[in-house]
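> Just so it is clear, I am handing over model12.txt, which has compact mmCIF, C-alpha atoms.
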```txt
# COMPACT_ATOMS: atom_id res chain seq x y z
CA MET A 175 44.79 33.64 -63.50
CA THR A 176 42.75 32.01 -66.26
CA HIS A 177 39.01 32.44 -66.75
CA THR A 178 38.44 28.87 -65.56
CA SER A 179 40.46 29.46 -62.40
CA LEU A 180 38.53 32.67 -61.68
CA ARG A 181 35.26 30.80 -62.12
CA ARG A 182 36.34 28.06 -59.69
CA PHE A 183 37.48 30.71 -57.21
CA ASP A 184 34.11 32.52 -57.44
CA MET A 185 32.21 29.27 -56.82
CA ARG A 186 34.33 28.46 -53.78
CA LEU A 187 33.79 31.98 -52.46
CA ILE A 188 30.04 31.77 -52.94
CA ILE A 189 29.88 28.34 -51.28
CA GLY A 190 32.02 29.58 -48.38
CA ILE A 191 29.80 32.62 -47.83
CA ALA A 192 26.69 30.44 -47.99
CA LEU A 193 28.10 28.07 -45.34
CA VAL A 194 28.96 30.99 -43.03
CA ILE A 195 25.44 32.42 -43.39
CA ALA A 196 23.85 29.00 -42.80
CA ALA A 197 25.93 28.46 -39.65
CA ALA A 198 25.04 31.90 -38.31
CA LEU A 199 21.34 31.33 -39.01
CA ALA A 200 21.41 27.93 -37.32
CA GLY A 201 23.05 29.45 -34.25
CA PHE A 202 20.46 32.22 -34.12
CA LEU A 203 17.56 29.76 -34.35
CA LEU A 204 19.11 27.58 -31.64
CA VAL A 205 19.48 30.50 -29.23
CA THR A 206 15.97 31.74 -30.03
CA ALA A 207 14.49 28.29 -29.40
CA ALA A 208 16.36 27.97 -26.11
CA ASP A 209 14.99 31.31 -24.90
CA ASN A 210 11.42 30.62 -26.09
CA THR A 211 9.19 29.98 -23.07
CA THR A 212 5.44 29.68 -22.73
CA ALA A 213 3.38 31.04 -19.84
CA VAL A 214 0.96 28.32 -18.70
CA TYR A 215 -0.89 27.58 -15.49
CA ALA A 216 0.25 25.16 -12.79
CA ALA A 217 -1.90 24.01 -9.89
CA THR A 218 -1.15 25.49 -6.45
CA LYS A 219 -2.83 22.48 -4.81
CA THR A 220 -4.31 19.14 -5.80
CA LEU A 221 -7.41 19.70 -7.93
CA ALA A 222 -10.08 17.01 -8.03
CA PRO A 223 -12.70 16.45 -10.76
CA GLY A 224 -15.69 18.76 -10.36
CA HIS A 225 -13.66 21.54 -8.73
CA VAL A 226 -14.48 24.99 -10.17
CA LEU A 227 -11.20 26.75 -10.94
CA GLN A 228 -10.39 29.90 -8.97
CA LYS A 229 -7.46 32.29 -9.39
CA SER A 230 -6.05 31.05 -6.07
CA ASP A 231 -5.81 27.54 -7.53
CA LEU A 232 -3.47 28.68 -10.29
CA VAL A 233 -0.06 30.20 -10.82
CA LEU A 234 1.38 31.28 -14.17
CA THR A 235 4.67 29.55 -14.90
CA ASP A 236 7.13 30.25 -17.72
CA VAL A 237 8.31 26.91 -19.09
CA LYS A 238 10.09 25.66 -22.19
CA LEU A 239 7.55 23.36 -23.80
CA GLY A 240 8.16 23.78 -27.51
CA LYS A 241 5.27 22.54 -29.62
CA SER A 242 3.66 20.85 -26.61
CA GLY A 243 2.96 24.28 -25.08
CA ASN A 244 -0.39 24.31 -26.85
CA SER A 245 -1.45 21.31 -24.74
CA TYR A 246 -1.47 23.24 -21.45
CA LEU A 247 -3.81 25.89 -20.04
CA SER A 248 -2.76 29.49 -20.64
CA ALA A 249 -4.26 32.73 -19.31
CA SER A 250 -6.14 33.38 -22.55
CA GLN A 251 -7.78 29.95 -22.39
CA LEU A 252 -9.13 30.23 -18.85
CA SER A 253 -12.80 31.18 -18.69
CA ALA A 254 -15.16 31.79 -15.77
CA GLY A 255 -16.77 28.62 -14.51
CA SER A 256 -14.06 26.30 -15.85
CA VAL A 257 -14.20 22.94 -14.07
CA VAL A 258 -11.51 20.31 -13.52
CA THR A 259 -12.42 17.08 -15.32
CA LYS A 260 -9.61 14.89 -13.99
CA THR A 261 -7.19 15.06 -11.09
CA VAL A 262 -4.26 17.50 -11.35
CA GLY A 263 -1.59 17.23 -8.66
CA ALA A 264 -0.16 20.18 -6.75
CA GLY A 265 2.61 21.84 -8.78
CA GLU A 266 1.63 20.08 -12.02
CA LEU A 267 0.99 21.97 -15.24
CA ILE A 268 -2.70 21.91 -16.10
CA PRO A 269 -3.47 20.12 -19.39
CA ILE A 270 -6.23 21.64 -21.49
CA SER A 271 -7.73 18.14 -21.59
CA ALA A 272 -8.22 18.34 -17.79
CA VAL A 273 -10.46 21.43 -17.97
CA GLY A 274 -14.05 21.61 -19.12
CA THR A 275 -17.49 22.79 -18.10
CA ALA A 276 -19.84 21.70 -15.31
CA LYS A 277 -21.99 19.89 -17.88
CA GLN A 278 -19.02 17.70 -18.79
CA VAL A 279 -18.45 16.69 -15.17
CA ALA A 280 -21.61 15.19 -13.74
CA THR A 281 -20.16 14.71 -10.25
CA THR A 282 -20.93 15.79 -6.72
CA ASN A 283 -18.74 16.17 -3.64
CA VAL A 284 -19.95 14.20 -0.60
CA VAL A 285 -18.37 14.11 2.85
CA VAL A 286 -17.99 10.68 4.45
CA GLN A 287 -17.04 10.22 8.09
CA LEU A 288 -14.98 7.09 8.63
CA ASP A 289 -14.59 5.28 11.94
CA LEU A 290 -11.16 3.91 11.06
CA PRO A 291 -7.96 5.53 9.73
CA LEU A 292 -7.38 5.77 6.00
CA SER A 293 -4.74 3.74 4.22
CA SER A 294 -1.50 5.66 3.67
CA ASP A 295 -2.12 5.26 -0.09
CA ALA A 296 -5.42 7.15 0.18
CA THR A 297 -4.38 10.79 -0.18
CA GLU A 298 -5.94 13.92 -1.62
CA GLY A 299 -6.30 13.47 -5.37
CA SER A 300 -6.04 9.67 -5.23
CA THR A 301 -8.71 7.25 -6.47
CA VAL A 302 -10.59 4.98 -4.08
CA ASP A 303 -13.39 2.44 -4.19
CA VAL A 304 -16.20 3.04 -1.71
CA TRP A 305 -17.08 -0.15 0.17
CA ALA A 306 -20.09 -0.55 2.42
CA SER A 307 -21.16 -3.27 4.85
CA MET A 308 -24.92 -3.09 5.38
CA ALA A 309 -26.01 -2.66 9.00
CA ALA A 310 -27.94 -5.77 10.05
CA GLY A 311 -28.44 -4.94 13.72
CA GLN A 312 -26.68 -3.44 16.71
CA GLY A 313 -22.99 -3.86 15.87
CA VAL A 314 -23.80 -6.46 13.23
CA PHE A 315 -22.95 -5.88 9.56
CA GLY A 316 -23.34 -7.84 6.37
CA PRO A 317 -20.56 -8.68 3.90
CA PRO A 318 -18.83 -5.66 2.34
CA ALA A 319 -19.44 -4.71 -1.29
CA VAL A 320 -18.29 -1.91 -3.58
CA ILE A 321 -21.04 0.68 -3.97
CA ILE A 322 -18.96 3.28 -5.87
CA PRO A 323 -15.86 2.33 -7.84
CA GLY A 324 -13.25 4.95 -8.76
CA ALA A 325 -14.28 7.86 -6.52
CA GLN A 326 -11.63 10.53 -5.94
CA ILE A 327 -10.57 12.15 -2.71
CA ALA A 328 -10.96 15.93 -2.75
CA HIS A 329 -10.14 16.75 0.87
CA ILE A 330 -9.27 15.04 4.16
CA THR A 331 -9.95 16.57 7.59
CA GLU A 332 -9.88 15.40 11.19
CA ALA A 333 -12.93 13.41 12.22
CA THR A 334 -15.34 14.51 14.95
CA GLY A 335 -17.23 12.61 17.60
CA LEU A 336 -16.67 8.88 18.09
CA ALA A 337 -14.63 8.57 14.88
CA ALA A 338 -12.08 11.04 16.26
CA SER A 339 -11.38 8.79 19.27
CA THR A 340 -10.74 5.76 17.02
CA GLY A 341 -8.47 7.55 14.56
CA GLY A 342 -11.15 8.03 11.93
CA VAL A 343 -11.30 10.92 9.47
CA ARG A 344 -13.76 13.00 7.48
CA VAL A 345 -13.16 12.60 3.77
CA GLU A 346 -14.70 14.66 0.98
CA ILE A 347 -14.97 12.47 -2.11
CA VAL A 348 -16.00 13.21 -5.69
CA VAL A 349 -18.64 10.76 -6.89
CA PRO A 350 -20.85 10.49 -9.99
CA GLN A 351 -24.22 12.17 -9.46
CA THR A 352 -25.92 8.87 -10.26
CA LYS A 353 -24.26 7.32 -7.18
CA VAL A 354 -25.00 10.08 -4.67
CA ALA A 355 -28.36 8.66 -3.57
CA ALA A 356 -26.89 5.22 -2.86
CA LEU A 357 -24.06 6.72 -0.77
CA LEU A 358 -26.39 8.98 1.23
CA GLU A 359 -28.76 6.07 1.85
CA SER A 360 -25.88 3.91 3.06
CA GLN A 361 -24.77 6.64 5.47
CA ALA A 362 -28.32 7.19 6.74
CA ASN A 363 -28.69 3.45 7.39
CA GLY A 364 -25.54 3.44 9.53
CA ASP A 365 -23.65 1.09 7.22
CA ALA A 366 -19.91 0.63 7.80
CA ILE A 367 -18.20 2.57 5.01
CA SER A 368 -14.56 2.20 3.98
CA LEU A 369 -12.43 3.79 1.28
CA VAL A 370 -9.98 1.41 -0.37
CA PRO A 371 -7.31 2.68 -2.82
CA SER A 372 -8.13 1.63 -6.38
CA ARG A 373 -5.19 -0.36 -7.68
CA GLY A 374 -4.12 0.45 -11.23
CA LYS A 375 -6.35 3.50 -11.48
CA ALA A 376 -5.41 7.15 -11.79
```
Can the structure in the file be given as structure tokens, please?

Amino acid sequence: MTHTSLRRFDMRLIIGIALVIAAALAGFLLVTAADNTTAVYAATKTLAPGHVLQKSDLVLTDVKLGKSGNSYLSASQLSAGSVVTKTVGAGELIPISAVGTAKQVATTNVVVQLDLPLSSDATEGSTVDVWASMAAGQGVFGPPAVIIPGAQIAHITEATGLAASTGGVRVEIVVPQTKVAALLESQANGDAISLVPSRGKA
């Protein structure tokens, strides 16, 4: 075998070895990536804005998120007094962007007792507009108007008293603190209050 032939043989051998190593490395990285999971929190129930996170609200879940894993709440990122800033559905992973402090969420939870049933679209975690018809006398009400747009339902329970006999419900809603006084005044005046699902809103 000539010197030139030996040289060509050595090059082919080196290239062949390099290809084998590259294939093995690629396979290793693929398997490693497939087995790489991230432990992040998921919500055990629907969480509304303003809700202070408790351990019972959360469950650690191992999921394959890749680079997006940094976008979800992990155990090391949860601090005492953390507050939900936007609705997270039951079973959903909790985005870091949905968690903040009480100062960031200037909202208050207010319970409203409705005389009529809720729409089937109005569920816990959904967004509703609060409508009120001003009481103008015994059984007489003025035209309805929106007094709080984009409130969110935190909890729904069975109504009590007269509302219970008409199919009404008690609904805990999350409203901006600046709107609390108007809502409480409307309730104290005996206005007819309704919650209407906000179309096109989260």
> Can you list every residue of region 275-339 of chain A that has an atom at most 7 Å from region 352-374 of chain A, with its nearest atom pair and the distance in Å to one decimal, using all atoms listed in the file, ordered by chain then number, as CSV?

```
residue,atom,partner,partner_atom,distance
A:Leu288,CA,A:Ile367,CA,6.6
A:Asp295,CA,A:Pro371,CA,6.4
A:Ala296,CA,A:Pro371,CA,5.7
A:Thr301,CA,A:Ser372,CA,5.7
A:Val302,CA,A:Pro371,CA,4.2
A:Asp303,CA,A:Val370,CA,5.2
A:Val304,CA,A:Leu369,CA,4.9
A:Trp305,CA,A:Ser368,CA,5.1
A:Ala306,CA,A:Ile367,CA,4.5
A:Ser307,CA,A:Ala366,CA,5.0
A:Met308,CA,A:Asp365,CA,4.7
A:Ala309,CA,A:Asp365,CA,4.8
A:Ile322,CA,A:Lys353,CA,6.8
A:Gly324,CA,A:Ser372,CA,6.5
```
> Please identify all polymer residues lying at most 12 Å from the point (-18.7, 18.6, -18.8) (file coordinates), using all atoms listed in the file, and present the result as a ChimeraX atom specification.
/A:223-226,255-260,271-281
> Record the distance separating CA of Leu234 (chain A) and CA of Leu247 (chain A), expressed in Å with one decimal.
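Between these atoms lies a distance of 9.5 Å.
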> Point out the residue among A:Val262, A:Leu290, A:Leu252, A:Val348 with the least atom-to-atom distance to Thr220 (chain A), counting all atoms listed in the file.
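Smallest separation from Thr220 (chain A) among the options: A:Val262.
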> Please fill the gaps in region 290-310 of chain A so it has N, CA, C and O atoms, and write that as a PDB file, keeping the file's coordinate frame.

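Below is the file rebuild_33.pdb, written as the result:
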```
ATOM      1  N   LEU A 290     -12.526   4.443  11.002  1.00  0.00           N
ATOM      2  CA  LEU A 290     -11.160   3.910  11.060  1.00  0.00           C
ATOM      3  C   LEU A 290     -10.222   4.768  10.221  1.00  0.00           C
ATOM      4  O   LEU A 290     -10.665   5.469   9.301  1.00  0.00           O
ATOM      5  N   PRO A 291      -8.912   4.725  10.513  1.00  0.00           N
ATOM      6  CA  PRO A 291      -7.960   5.530   9.730  1.00  0.00           C
ATOM      7  C   PRO A 291      -7.929   5.106   8.264  1.00  0.00           C
ATOM      8  O   PRO A 291      -8.255   3.967   7.919  1.00  0.00           O
ATOM      9  N   LEU A 292      -7.560   6.056   7.427  1.00  0.00           N
ATOM     10  CA  LEU A 292      -7.380   5.770   6.000  1.00  0.00           C
ATOM     11  C   LEU A 292      -6.063   5.054   5.753  1.00  0.00           C
ATOM     12  O   LEU A 292      -5.108   5.209   6.517  1.00  0.00           O
ATOM     13  N   SER A 293      -6.005   4.318   4.658  1.00  0.00           N
ATOM     14  CA  SER A 293      -4.740   3.740   4.220  1.00  0.00           C
ATOM     15  C   SER A 293      -3.782   4.871   3.850  1.00  0.00           C
ATOM     16  O   SER A 293      -4.204   5.952   3.412  1.00  0.00           O
ATOM     17  N   SER A 294      -2.499   4.637   4.017  1.00  0.00           N
ATOM     18  CA  SER A 294      -1.500   5.660   3.670  1.00  0.00           C
ATOM     19  C   SER A 294      -1.498   5.958   2.173  1.00  0.00           C
ATOM     20  O   SER A 294      -1.014   7.006   1.739  1.00  0.00           O
ATOM     21  N   ASP A 295      -2.045   5.041   1.363  1.00  0.00           N
ATOM     22  CA  ASP A 295      -2.120   5.260  -0.090  1.00  0.00           C
ATOM     23  C   ASP A 295      -3.300   6.145  -0.466  1.00  0.00           C
ATOM     24  O   ASP A 295      -3.389   6.602  -1.610  1.00  0.00           O
ATOM     25  N   ALA A 296      -4.229   6.344   0.461  1.00  0.00           N
ATOM     26  CA  ALA A 296      -5.420   7.150   0.180  1.00  0.00           C
ATOM     27  C   ALA A 296      -5.116   8.600   0.564  1.00  0.00           C
ATOM     28  O   ALA A 296      -5.197   8.978   1.729  1.00  0.00           O
ATOM     29  N   THR A 297      -4.748   9.392  -0.406  1.00  0.00           N
ATOM     30  CA  THR A 297      -4.380  10.790  -0.180  1.00  0.00           C
ATOM     31  C   THR A 297      -5.239  11.686  -1.053  1.00  0.00           C
ATOM     32  O   THR A 297      -5.947  11.206  -1.946  1.00  0.00           O
ATOM     33  N   GLU A 298      -5.180  12.988  -0.804  1.00  0.00           N
ATOM     34  CA  GLU A 298      -5.940  13.920  -1.620  1.00  0.00           C
ATOM     35  C   GLU A 298      -5.546  13.802  -3.085  1.00  0.00           C
ATOM     36  O   GLU A 298      -4.371  13.825  -3.418  1.00  0.00           O
ATOM     37  N   GLY A 299      -6.542  13.628  -3.937  1.00  0.00           N
ATOM     38  CA  GLY A 299      -6.300  13.470  -5.370  1.00  0.00           C
ATOM     39  C   GLY A 299      -6.233  12.022  -5.806  1.00  0.00           C
ATOM     40  O   GLY A 299      -6.284  11.741  -6.999  1.00  0.00           O
ATOM     41  N   SER A 300      -6.132  11.080  -4.850  1.00  0.00           N
ATOM     42  CA  SER A 300      -6.040   9.670  -5.230  1.00  0.00           C
ATOM     43  C   SER A 300      -7.428   9.079  -5.477  1.00  0.00           C
ATOM     44  O   SER A 300      -8.459   9.662  -5.113  1.00  0.00           O
ATOM     45  N   THR A 301      -7.455   7.912  -6.109  1.00  0.00           N
ATOM     46  CA  THR A 301      -8.710   7.250  -6.470  1.00  0.00           C
ATOM     47  C   THR A 301      -8.976   6.103  -5.502  1.00  0.00           C
ATOM     48  O   THR A 301      -8.082   5.326  -5.191  1.00  0.00           O
ATOM     49  N   VAL A 302     -10.212   6.025  -5.035  1.00  0.00           N
ATOM     50  CA  VAL A 302     -10.590   4.980  -4.080  1.00  0.00           C
ATOM     51  C   VAL A 302     -11.909   4.345  -4.491  1.00  0.00           C
ATOM     52  O   VAL A 302     -12.718   4.954  -5.191  1.00  0.00           O
ATOM     53  N   ASP A 303     -12.097   3.105  -4.062  1.00  0.00           N
ATOM     54  CA  ASP A 303     -13.390   2.440  -4.190  1.00  0.00           C
ATOM     55  C   ASP A 303     -14.117   2.583  -2.862  1.00  0.00           C
ATOM     56  O   ASP A 303     -13.517   2.420  -1.794  1.00  0.00           O
ATOM     57  N   VAL A 304     -15.405   2.898  -2.929  1.00  0.00           N
ATOM     58  CA  VAL A 304     -16.200   3.040  -1.710  1.00  0.00           C
ATOM     59  C   VAL A 304     -16.878   1.700  -1.422  1.00  0.00           C
ATOM     60  O   VAL A 304     -17.683   1.210  -2.212  1.00  0.00           O
ATOM     61  N   TRP A 305     -16.506   1.118  -0.282  1.00  0.00           N
ATOM     62  CA  TRP A 305     -17.080  -0.150   0.170  1.00  0.00           C
ATOM     63  C   TRP A 305     -18.063   0.114   1.299  1.00  0.00           C
ATOM     64  O   TRP A 305     -17.862   1.023   2.113  1.00  0.00           O
ATOM     65  N   ALA A 306     -19.112  -0.685   1.344  1.00  0.00           N
ATOM     66  CA  ALA A 306     -20.090  -0.550   2.420  1.00  0.00           C
ATOM     67  C   ALA A 306     -20.531  -1.922   2.904  1.00  0.00           C
ATOM     68  O   ALA A 306     -20.760  -2.828   2.095  1.00  0.00           O
ATOM     69  N   SER A 307     -20.611  -2.061   4.234  1.00  0.00           N
ATOM     70  CA  SER A 307     -21.160  -3.270   4.850  1.00  0.00           C
ATOM     71  C   SER A 307     -22.494  -2.887   5.457  1.00  0.00           C
ATOM     72  O   SER A 307     -22.562  -2.044   6.359  1.00  0.00           O
ATOM     73  N   MET A 308     -23.578  -3.476   4.958  1.00  0.00           N
ATOM     74  CA  MET A 308     -24.920  -3.090   5.380  1.00  0.00           C
ATOM     75  C   MET A 308     -25.149  -3.421   6.860  1.00  0.00           C
ATOM     76  O   MET A 308     -24.840  -4.516   7.324  1.00  0.00           O
ATOM     77  N   ALA A 309     -25.687  -2.447   7.592  1.00  0.00           N
ATOM     78  CA  ALA A 309     -26.010  -2.660   9.000  1.00  0.00           C
ATOM     79  C   ALA A 309     -27.157  -3.650   9.117  1.00  0.00           C
ATOM     80  O   ALA A 309     -28.223  -3.467   8.518  1.00  0.00           O
ATOM     81  N   ALA A 310     -26.922  -4.728   9.899  1.00  0.00           N
ATOM     82  CA  ALA A 310     -27.940  -5.770  10.050  1.00  0.00           C
ATOM     83  C   ALA A 310     -28.447  -5.857  11.479  1.00  0.00           C
ATOM     84  O   ALA A 310     -29.234  -6.747  11.812  1.00  0.00           O
TER      85      ALA A 310
END
```
